[in-house]
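Coordinates as given in final-v1.pdb (PDB, C-alpha atoms):
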```pdb
ATOM      1  CA  THR A   1     167.153  95.334 161.180
ATOM      2  CA  GLU A   2     164.845  92.413 161.954
ATOM      3  CA  PHE A   3     162.313  91.964 164.758
ATOM      4  CA  GLY A   4     160.768  88.783 166.102
ATOM      5  CA  THR A   5     157.160  88.010 166.930
ATOM      6  CA  MET A   6     154.914  90.091 169.260
ATOM      7  CA  LEU A   7     157.126  93.156 169.182
ATOM      8  CA  PHE A   8     154.453  95.340 170.793
ATOM      9  CA  LYS A   9     152.108  93.118 172.804
ATOM     10  CA  GLU A  10     149.422  94.660 175.012
ATOM     11  CA  CYS A  11     151.250  97.990 175.166
ATOM     12  CA  ASN A  12     148.160  99.794 176.400
ATOM     13  CA  SER A  13     149.993 103.024 177.194
ATOM     14  CA  LEU A  14     151.544 103.231 173.701
ATOM     15  CA  SER A  15     149.879 106.118 171.862
ATOM     16  CA  ALA A  16     152.425 106.685 169.057
ATOM     17  CA  VAL A  17     155.270 104.721 167.510
ATOM     18  CA  THR A  18     158.036 105.460 165.012
ATOM     19  CA  LEU A  19     159.642 102.395 163.452
ATOM     20  CA  PRO A  20     163.245 102.728 162.240
ATOM     21  CA  ASN A  21     163.762 103.222 158.519
ATOM     22  CA  THR A  22     166.353 100.450 158.658
ATOM     23  CA  LEU A  23     163.705  97.825 159.469
ATOM     24  CA  THR A  24     163.622  95.146 156.740
ATOM     25  CA  LYS A  25     161.741  92.175 158.223
ATOM     26  CA  LEU A  26     159.100  91.481 160.860
ATOM     27  CA  ASN A  27     158.841  88.089 162.546
ATOM     28  CA  THR A  28     162.142  86.256 162.361
ATOM     29  CA  ASP A  29     160.780  83.410 164.509
ATOM     30  CA  SER A  30     160.171  80.330 162.370
ATOM     31  CA  GLY A  31     156.774  78.718 162.730
ATOM     32  CA  SER A  32     155.003  81.650 164.393
ATOM     33  CA  PHE A  33     152.937  84.640 163.268
ATOM     34  CA  ALA A  34     154.131  88.227 163.488
ATOM     35  CA  ASN A  35     151.542  89.813 165.833
ATOM     36  CA  THR A  36     153.728  92.931 165.622
ATOM     37  CA  PHE A  37     151.122  95.217 167.164
ATOM     38  CA  TYR A  38     148.879  93.159 169.414
ATOM     39  CA  SER A  39     146.237  94.794 171.608
ATOM     40  CA  CYS A  40     147.808  98.267 171.603
ATOM     41  CA  ASN A  41     144.564 100.049 172.276
ATOM     42  CA  LEU A  42     145.696 103.695 172.306
ATOM     43  CA  LEU A  43     147.307 103.610 168.873
ATOM     44  CA  GLU A  44     145.302 105.328 166.121
ATOM     45  CA  GLU A  45     147.783 105.187 163.219
ATOM     46  CA  ILE A  46     150.702 102.965 162.231
ATOM     47  CA  VAL A  47     153.122 103.859 159.450
ATOM     48  CA  PHE A  48     155.440 101.042 158.409
ATOM     49  CA  PRO A  49     158.762 102.330 156.990
ATOM     50  CA  ASP A  50     159.580 101.970 153.304
ATOM     51  CA  SER A  51     162.612  99.856 154.244
ATOM     52  CA  LEU A  52     160.328  96.987 155.359
ATOM     53  CA  GLU A  53     160.362  94.242 152.722
ATOM     54  CA  SER A  54     158.565  91.292 154.275
ATOM     55  CA  CYS A  55     156.311  90.235 157.109
ATOM     56  CA  ASP A  56     154.322  87.205 158.232
ATOM     57  CA  ARG A  57     150.580  87.164 159.035
ATOM     58  CA  TYR A  58     148.869  89.257 161.710
ATOM     59  CA  MET A  59     150.772  92.547 161.580
ATOM     60  CA  VAL A  60     148.101  94.508 163.449
ATOM     61  CA  VAL A  61     145.773  92.541 165.741
ATOM     62  CA  ARG A  62     143.137  93.606 168.297
ATOM     63  CA  CYS A  63     144.162  97.270 168.288
ATOM     64  CA  GLU A  64     140.750  98.657 169.150
ATOM     65  CA  ASN A  65     141.331 102.312 168.199
ATOM     66  CA  ILE A  66     143.577 101.960 165.157
ATOM     67  CA  LYS A  67     142.060 103.986 162.296
ATOM     68  CA  LYS A  68     144.762 104.010 159.631
ATOM     69  CA  VAL A  69     147.583 101.690 158.577
ATOM     70  CA  VAL A  70     150.182 102.784 156.015
ATOM     71  CA  LEU A  71     152.138  99.952 154.401
ATOM     72  CA  PRO A  72     155.607 100.398 152.857
ATOM     73  CA  THR A  73     155.633 101.887 149.366
ATOM     74  CA  TYR A  74     157.501  98.940 147.842
ATOM     75  CA  PHE A  75     156.411  96.058 150.065
ATOM     76  CA  LYS A  76     157.902  93.097 148.177
ATOM     77  CA  ASN A  77     157.300  89.847 149.998
ATOM     78  CA  VAL A  78     153.802  89.672 151.369
ATOM     79  CA  ASP A  79     152.483  86.148 151.647
ATOM     80  CA  GLY A  80     149.311  84.973 153.347
ATOM     81  CA  TYR A  81     146.185  86.687 154.622
ATOM     82  CA  ASP A  82     144.605  88.370 157.673
ATOM     83  CA  TYR A  83     147.374  90.940 158.102
ATOM     84  CA  ILE A  84     145.035  93.313 159.899
ATOM     85  CA  MET A  85     142.623  91.514 162.181
ATOM     86  CA  ASN A  86     139.967  92.381 164.781
ATOM     87  CA  CYS A  87     140.501  96.143 164.547
ATOM     88  CA  PRO A  88     136.917  97.464 164.791
ATOM     89  CA  SER A  89     137.850 101.155 164.306
ATOM     90  CA  LEU A  90     140.000 100.654 161.188
ATOM     91  CA  GLU A  91     138.909 103.024 158.409
ATOM     92  CA  GLU A  92     141.750 103.254 155.871
ATOM     93  CA  VAL A  93     144.683 101.237 154.586
ATOM     94  CA  VAL A  94     147.346 102.697 152.284
ATOM     95  CA  LEU A  95     148.532  99.920 149.974
ATOM     96  CA  PRO A  96     151.974  99.506 148.372
ATOM     97  CA  VAL A  97     152.813 100.164 144.747
ATOM     98  CA  PHE A  98     152.176  97.134 142.519
ATOM     99  CA  SER A  99     153.987  98.312 139.402
ATOM    100  CA  TYR A 100     155.361 101.740 138.499
ATOM    101  CA  THR A 101     157.318 103.730 135.919
ATOM    102  CA  ASP A 102     160.789 104.831 137.011
ATOM    103  CA  ALA A 103     162.645 108.040 136.142
ATOM    104  CA  ASN A 104     163.938 106.461 132.916
ATOM    105  CA  GLY A 105     160.460 105.546 131.737
ATOM    106  CA  GLU A 106     160.980 101.851 132.449
ATOM    107  CA  ASN A 107     158.313  99.743 134.113
ATOM    108  CA  VAL A 108     159.309  98.285 137.467
ATOM    109  CA  VAL A 109     157.358  95.293 138.796
ATOM    110  CA  VAL A 110     156.913  95.028 142.554
ATOM    111  CA  ASN A 111     155.962  91.556 143.809
ATOM    112  CA  THR A 112     153.316  92.299 146.410
ATOM    113  CA  GLY A 113     152.178  88.686 146.738
ATOM    114  CA  VAL A 114     148.766  87.118 147.112
ATOM    115  CA  ALA A 115     147.833  88.987 150.270
ATOM    116  CA  MET A 116     146.882  92.077 148.267
ATOM    117  CA  LYS A 117     144.326  89.992 146.402
ATOM    118  CA  THR A 118     141.227  91.311 148.150
ATOM    119  CA  PRO A 119     140.179  92.971 151.371
ATOM    120  CA  TYR A 120     138.655  89.627 152.384
ATOM    121  CA  CYS A 121     142.139  88.055 152.355
ATOM    122  CA  PHE A 122     144.166  91.027 153.536
ATOM    123  CA  ILE A 123     141.891  92.714 156.059
ATOM    124  CA  HIS A 124     139.764  90.425 158.188
ATOM    125  CA  ARG A 125     136.040  91.101 157.817
ATOM    126  CA  GLU A 126     135.662  91.760 161.531
ATOM    127  CA  CYS A 127     137.154  95.191 160.753
ATOM    128  CA  LYS A 128     133.617  96.345 159.996
ATOM    129  CA  ASN A 129     134.377 100.093 159.772
ATOM    130  CA  PHE A 130     137.008  99.636 157.075
ATOM    131  CA  ALA A 131     135.861 102.069 154.398
ATOM    132  CA  LYS A 132     138.749 103.093 152.181
ATOM    133  CA  PHE A 133     141.685 101.759 150.207
ATOM    134  CA  THR A 134     144.313 104.345 149.302
ATOM    135  CA  LEU A 135     147.062 103.705 146.763
ATOM    136  CA  ASN A 136     150.629 104.801 147.353
ATOM    137  CA  GLN A 137     151.872 106.906 144.424
ATOM    138  CA  LYS A 138     148.368 106.865 143.001
ATOM    139  CA  ASP A 139     149.263 108.575 139.710
ATOM    140  CA  ASN A 140     152.147 106.195 139.056
ATOM    141  CA  ASN A 141     150.543 102.909 140.092
ATOM    142  CA  LYS A 142     150.076 101.009 136.837
ATOM    143  CA  VAL A 143     148.288  97.885 138.070
ATOM    144  CA  MET A 144     145.583  99.421 140.265
ATOM    145  CA  VAL A 145     143.389 102.501 140.270
ATOM    146  CA  GLU A 146     141.274 103.694 143.167
ATOM    147  CA  LYS A 147     137.921 105.472 143.054
ATOM    148  CA  ASP A 148     135.940 106.396 146.158
ATOM    149  CA  GLY A 149     138.043 104.004 148.223
ATOM    150  CA  ILE A 150     137.343 101.051 145.903
ATOM    151  CA  LEU A 151     140.116  99.243 144.013
ATOM    152  CA  TYR A 152     140.021  98.447 140.293
ATOM    153  CA  LYS A 153     142.624  96.432 138.416
ATOM    154  CA  VAL A 154     143.798  97.828 135.061
ATOM    155  CA  GLY A 155     147.001  95.854 134.494
ATOM    156  CA  ASP A 156     149.023  92.856 135.552
ATOM    157  CA  ASN A 157     152.613  91.751 136.012
ATOM    158  CA  GLY A 158     153.300  88.687 133.884
ATOM    159  CA  TYR A 159     156.479  86.732 133.168
ATOM    160  CA  GLU A 160     157.297  89.126 130.346
ATOM    161  CA  GLY A 161     156.528  92.268 132.327
ATOM    162  CA  TYR A 162     153.567  94.590 132.717
ATOM    163  CA  TYR A 163     150.556  94.487 130.403
ATOM    164  CA  GLU A 164     147.210  96.246 130.427
ATOM    165  CA  THR A 165     143.997  94.379 131.251
ATOM    166  CA  PRO A 166     140.303  95.305 131.014
ATOM    167  CA  LYS A 167     139.156  97.308 134.012
ATOM    168  CA  THR A 168     138.168  94.825 136.736
ATOM    169  CA  LEU A 169     136.463  95.408 140.069
ATOM    170  CA  TYR A 170     139.112  94.204 142.514
ATOM    171  CA  ALA A 171     138.264  95.095 146.105
ATOM    172  CA  VAL A 172     135.338  96.788 147.827
ATOM    173  CA  PRO A 173     135.805  97.833 151.484
ATOM    174  CA  TYR A 174     133.474  96.507 154.144
ATOM    175  CA  LYS A 175     131.775  99.810 154.963
ATOM    176  CA  THR A 176     129.988 101.266 151.928
ATOM    177  CA  ASP A 177     126.630 102.651 150.820
ATOM    178  CA  SER A 178     123.717 100.221 150.973
ATOM    179  CA  THR A 179     123.321 100.206 147.168
ATOM    180  CA  PHE A 180     126.335  99.271 145.059
ATOM    181  CA  ILE A 181     126.138 100.047 141.319
ATOM    182  CA  LEU A 182     129.119  98.878 139.296
ATOM    183  CA  ASP A 183     130.764 101.501 137.062
ATOM    184  CA  GLU A 184     129.754 100.972 133.439
ATOM    185  CA  ASP A 185     133.349 101.013 132.187
ATOM    186  CA  THR A 186     134.197  98.013 134.399
ATOM    187  CA  MET A 187     134.378  94.854 132.313
ATOM    188  CA  ALA A 188     134.844  92.123 134.932
ATOM    189  CA  ILE A 189     134.706  91.306 138.637
ATOM    190  CA  ASP A 190     137.543  89.567 140.449
ATOM    191  CA  ALA A 191     136.991  86.685 142.855
ATOM    192  CA  ASN A 192     136.164  87.821 146.423
ATOM    193  CA  ALA A 193     135.820  91.428 145.237
ATOM    194  CA  VAL A 194     132.784  92.248 147.399
ATOM    195  CA  ALA A 195     133.047  89.397 149.897
ATOM    196  CA  GLY A 196     132.318  90.150 153.531
ATOM    197  CA  ASN A 197     130.505  93.467 152.997
ATOM    198  CA  ASN A 198     127.569  93.689 155.398
ATOM    199  CA  CYS A 199     126.467  97.217 154.457
ATOM    200  CA  ILE A 200     125.284  96.397 150.944
ATOM    201  CA  THR A 201     121.635  95.436 150.520
ATOM    202  CA  LYS A 202     121.370  95.884 146.736
ATOM    203  CA  ILE A 203     123.873  95.245 143.939
ATOM    204  CA  VAL A 204     123.442  96.257 140.284
ATOM    205  CA  ILE A 205     125.857  94.772 137.716
ATOM    206  CA  HIS A 206     125.652  96.362 134.263
ATOM    207  CA  SER A 207     125.584  94.669 130.877
ATOM    208  CA  ALA A 208     129.347  94.379 130.167
ATOM    209  CA  VAL A 209     129.925  91.752 132.871
ATOM    210  CA  THR A 210     129.242  88.186 131.700
ATOM    211  CA  THR A 211     130.768  86.110 134.523
ATOM    212  CA  ILE A 212     130.222  86.216 138.273
ATOM    213  CA  THR A 213     133.429  84.680 139.589
ATOM    214  CA  GLN A 214     133.755  82.391 142.588
ATOM    215  CA  ASN A 215     133.286  83.878 146.074
ATOM    216  CA  THR A 216     132.412  87.284 144.588
ATOM    217  CA  PHE A 217     129.629  88.155 147.039
ATOM    218  CA  GLN A 218     130.093  85.513 149.714
ATOM    219  CA  ASN A 219     129.322  86.525 153.311
ATOM    220  CA  CYS A 220     127.394  89.634 152.229
ATOM    221  CA  GLU A 221     124.932  88.808 154.955
ATOM    222  CA  ASN A 222     122.574  91.764 154.428
ATOM    223  CA  LEU A 223     122.373  91.533 150.635
ATOM    224  CA  GLU A 224     118.697  91.410 149.595
ATOM    225  CA  GLU A 225     118.697  92.126 145.841
ATOM    226  CA  LEU A 226     121.075  91.244 143.006
ATOM    227  CA  HIS A 227     120.445  92.704 139.527
ATOM    228  CA  LEU A 228     122.451  91.206 136.647
ATOM    229  CA  LEU A 229     121.660  93.326 133.601
ATOM    230  CA  GLY A 230     123.853  91.668 130.963
ATOM    231  CA  GLU A 231     124.296  88.331 129.229
ATOM    232  CA  VAL A 232     125.667  86.555 132.294
ATOM    233  CA  THR A 233     126.719  83.075 131.201
ATOM    234  CA  MET A 234     128.316  81.811 134.439
ATOM    235  CA  ILE A 235     127.734  82.170 138.166
ATOM    236  CA  ASP A 236     130.681  80.341 139.668
ATOM    237  CA  ARG A 237     130.812  78.345 142.885
ATOM    238  CA  PHE A 238     130.284  80.042 146.245
ATOM    239  CA  ALA A 239     129.535  83.347 144.473
ATOM    240  CA  LEU A 240     126.581  83.985 146.785
ATOM    241  CA  CYS A 241     127.463  81.677 149.636
ATOM    242  CA  HIS A 242     126.154  82.811 153.044
ATOM    243  CA  CYS A 243     124.077  85.623 151.547
ATOM    244  CA  ASN A 244     121.339  84.594 153.942
ATOM    245  CA  ASN A 245     118.991  87.532 153.349
ATOM    246  CA  LEU A 246     119.059  87.411 149.562
ATOM    247  CA  SER A 247     115.426  87.370 148.432
ATOM    248  CA  LYS A 248     115.507  88.708 144.851
ATOM    249  CA  ILE A 249     117.740  87.955 141.853
ATOM    250  CA  VAL A 250     117.046  89.696 138.538
ATOM    251  CA  LEU A 251     118.631  88.085 135.471
ATOM    252  CA  LEU A 252     118.254  89.788 132.088
ATOM    253  CA  ALA A 253     120.267  87.192 130.180
ATOM    254  CA  SER A 254     118.539  85.465 127.262
ATOM    255  CA  GLN A 255     119.112  82.082 128.935
ATOM    256  CA  ALA A 256     119.868  80.843 132.425
ATOM    257  CA  PRO A 257     123.588  81.001 133.303
ATOM    258  CA  GLU A 258     125.736  77.969 133.990
ATOM    259  CA  LEU A 259     126.316  77.321 137.682
ATOM    260  CA  GLY A 260     129.728  76.344 139.020
ATOM    261  CA  HIS A 261     130.216  73.240 141.141
ATOM    262  CA  GLY A 262     129.560  73.601 144.862
ATOM    263  CA  ASP A 263     127.240  75.834 146.865
ATOM    264  CA  TYR A 264     126.879  78.813 144.576
ATOM    265  CA  VAL A 265     124.116  80.462 146.609
ATOM    266  CA  SER A 266     122.827  80.529 150.150
ATOM    267  CA  ALA A 267     119.590  82.459 150.352
ATOM    268  CA  THR A 268     116.185  82.571 152.002
ATOM    269  CA  ASP A 269     113.512  80.031 151.272
ATOM    270  CA  GLU A 270     111.543  82.762 149.502
ATOM    271  CA  THR A 271     114.338  83.788 147.113
ATOM    272  CA  ALA A 272     112.932  84.562 143.669
ATOM    273  CA  ALA A 273     114.832  84.825 140.414
ATOM    274  CA  TYR A 274     113.391  86.873 137.550
ATOM    275  CA  TYR A 275     114.475  86.326 133.942
TER     276      TYR A 275
END
```
Encoded form using structure tokens:
Amino acid sequence: TEFGTMLFKECNSLSAVTLPNTLTKLNTDSGSFANTFYSCNLLEEIVFPDSLESCDRYMVVRCENIKKVVLPTYFKNVDGYDYIMNCPSLEEVVLPVFSYTDANGENVVVNTGVAMKTPYCFIHRECKNFAKFTLNQKDNNKVMVEKDGILYKVGDNGYEGYYETPKTLYAVPYKTDSTFILDEDTMAIDANAVAGNNCITKIVIHSAVTTITQNTFQNCENLEELHLLGEVTMIDRFALCHCNNLSKIVLLASQAPELGHGDYVSATDETAAYY
């Protein structure tokens, strides 16, 4: 079963929906976005069936009271960004499986596409109450782990199959505590991992992390303090772009880090860096 664009548009009396478990594709109209649920303001939860394999951008848009979206367990062909947009009450998204072990003990790779890269790409930052990622089949999800609603990457799916990687901070929701302290067993931070979070005012990165990747903290508009406690050798481009309230950077590295090309920081005129 396939549906075209704007399947449920401005259905303001729609309070619950059950999609058929034969549904395989949303948005069959070439050159347009899905807008599957658009301005359905009574809906609080949407569960997409496991049969759904692919969808274009803008699956859930301007649904003012939506709190939870459950994506298909084995969502294969996701391509793009801003799948959930302008949903101010959104609190939780249940993500698909990235890679899992089947009943025969074999690893199965699920191609979830670039849209699962970060919350900044997948869930538009205007969803300011978004507070929690949940993983489908949490105990059998080999690429990602989740702790307190935050995603960490522990593996990857390469051309030759699954392989383990050092634990990497992958995606922080937009609504968190004001102080974010990175777990000490986390070895790296992915690009865009904290981007768009306006709750955080202070970030502490422990000594194992040596690179601040591009766009890591961009658009964290209320960030005031950044503490880098290790031998950070690189702060890549746009890492602190549009952090307009940043006033204090503490660097404990033995020498100043290399700065990537482009605007790596946007801060106040009084921003001070301490070495």
Once the PyMOL selection byres ((chain A and resi 59) around 7) has been applied to the shown file, what residues remain in the selection, as a list in words?
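Those residues are Ala34, Asn35, Thr36, Phe37, Arg57, Tyr58, Val60, Val61, Tyr83 and Ile84 of chain A.
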Residues within 7 Å of segment 189-196 of chain A, please, as a CSV table (one decimal) with C-alpha atoms, in the coordinates of the input. Count all atoms listed in the file; anything in the same chain fewer than 5 positions from it doesn't count.
```csv
chain,number,residue,atom,x,y,z
A,118,THR,CA,141.2,91.3,148.2
A,120,TYR,CA,138.7,89.6,152.4
A,125,ARG,CA,136.0,91.1,157.8
A,168,THR,CA,138.2,94.8,136.7
A,169,LEU,CA,136.5,95.4,140.1
A,170,TYR,CA,139.1,94.2,142.5
A,171,ALA,CA,138.3,95.1,146.1
A,172,VAL,CA,135.3,96.8,147.8
A,174,TYR,CA,133.5,96.5,154.1
A,212,ILE,CA,130.2,86.2,138.3
A,213,THR,CA,133.4,84.7,139.6
A,214,GLN,CA,133.8,82.4,142.6
A,215,ASN,CA,133.3,83.9,146.1
A,216,THR,CA,132.4,87.3,144.6
A,217,PHE,CA,129.6,88.2,147.0
A,218,GLN,CA,130.1,85.5,149.7
A,219,ASN,CA,129.3,86.5,153.3
A,220,CYS,CA,127.4,89.6,152.2
```
Find, counting only C-alpha atoms, the residue in A:Tyr38, A:Leu182, A:Asn222, A:Phe238 that gets nearest to Ile203 of chain A.
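Going through A:Tyr38, A:Leu182, A:Asn222, A:Phe238 one by one, the smallest distance to Ile203 of chain A is for A:Leu182.
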Any chance you could work out the residue set of the PyMOL selection byres ((chain A and resi 180) around 9) here, as a list in words?
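That selection, the PyMOL selection byres ((chain A and resi 180) around 9), comes back as Thr176, Asp177, Ser178, Thr179, Ile181, Leu182, Ile200, Thr201, Lys202, Ile203, Val204 and Ile205 of chain A.
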Selected residues, C-alpha atoms, written as a PDB file, keeping the file's coordinate frame, please.
```pdb
ATOM      1  CA  THR A 176     129.988 101.266 151.928  1.00  0.00           C
ATOM      2  CA  ASP A 177     126.630 102.651 150.820  1.00  0.00           C
ATOM      3  CA  SER A 178     123.717 100.221 150.973  1.00  0.00           C
ATOM      4  CA  THR A 179     123.321 100.206 147.168  1.00  0.00           C
ATOM      5  CA  ILE A 181     126.138 100.047 141.319  1.00  0.00           C
ATOM      6  CA  LEU A 182     129.119  98.878 139.296  1.00  0.00           C
ATOM      7  CA  ILE A 200     125.284  96.397 150.944  1.00  0.00           C
ATOM      8  CA  THR A 201     121.635  95.436 150.520  1.00  0.00           C
ATOM      9  CA  LYS A 202     121.370  95.884 146.736  1.00  0.00           C
ATOM     10  CA  ILE A 203     123.873  95.245 143.939  1.00  0.00           C
ATOM     11  CA  VAL A 204     123.442  96.257 140.284  1.00  0.00           C
ATOM     12  CA  ILE A 205     125.857  94.772 137.716  1.00  0.00           C
TER      13      ILE A 205
END
```
The PyMOL selection byres ((chain A and resi 154) around 10) resolved against shown file, as a PyMOL selection string
chain A and resi 141-145+151-153+155-156+163-170+186
Among the residues A:Glu224, A:Leu229, A:Ser51, A:Asp148, the one that comes closest to His206 of chain A [using all atoms listed in the file]
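Nearest to His206 of chain A: A:Leu229.
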Between A:Val93, A:Leu42, A:Cys127, A:Val69, which one has atoms that come closest to Ile150 of chain A, using only C-alpha atoms?
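When distances to Ile150 of chain A are compared using only C-alpha atoms, the smallest one comes from A:Val93.
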Do you know which residues are at most 6 Å from Val94 of chain A counting only C-alpha atoms, after dropping those on the same chain fewer than 6 positions away, and could you put them as a VMD selection string?
chain A and resid 70 to 71 134 to 135
Atom CA of Asn65 of chain A and atom CA of Cys87 of chain A are how many Å apart?
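Atom CA of Cys87 of chain A lies at a distance of 7.2 Å from atom CA of Asn65 of chain A.
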Using all atoms listed in the file, pick whichever of A:Pro96, A:Cys63, A:Glu91, A:Glu231 has the shortest atom-to-atom distance to Phe75 of chain A.
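Ranked by minimum distance to Phe75 of chain A, first place goes to A:Pro96.
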How many Å separate atom CA of Glu221 of chain A from atom CA of Ala208 of chain A?
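If I compute the distance from atom CA of Glu221 of chain A to atom CA of Ala208 of chain A, I get 25.8 Å.
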Would you kindly return, as a PDB file with C-alpha atoms, keeping the file's coordinate frame, each protein, DNA or RNA residue with an atom no farther than 8 Å from any atom of Glu10 of chain A, considering all atoms listed in the file and excluding same-chain residues fewer than 5 positions away?
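So the final result, stored in selection-v8.pdb, reads:
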```pdb
ATOM      1  CA  TYR A  38     148.879  93.159 169.414  1.00  0.00           C
ATOM      2  CA  SER A  39     146.237  94.794 171.608  1.00  0.00           C
ATOM      3  CA  CYS A  40     147.808  98.267 171.603  1.00  0.00           C
ATOM      4  CA  ASN A  41     144.564 100.049 172.276  1.00  0.00           C
TER       5      ASN A  41
END
```
Nearby residues (only C-alpha atoms) at most 6 Å from Asp50 of chain A, same-chain spacing under 2 positions excluded, as number ranges by chain:
A: 52, 72-73
Give, as lines of an AutoDock Vina configuration file, the centre coordinates and the x, y and z edge lengths in Å to one decimal for an axis-aligned box around all listed atoms of segment 184-201 of chain A, padded by 6 Å on each side.
```
center_x = 129.6
center_y = 93.8
center_z = 143.8
size_x = 27.9
size_y = 26.3
size_z = 35.2
```
Atomic separation - atom CA of Asp183 of chain A relative to atom CA of Val250 of chain A, Å:
18.2 Å
Best match for closeness to Ala239 of chain A among A:Gly260, A:Phe3, A:Gly149, A:Ala253, counting all atoms listed in the file:
A:Gly260
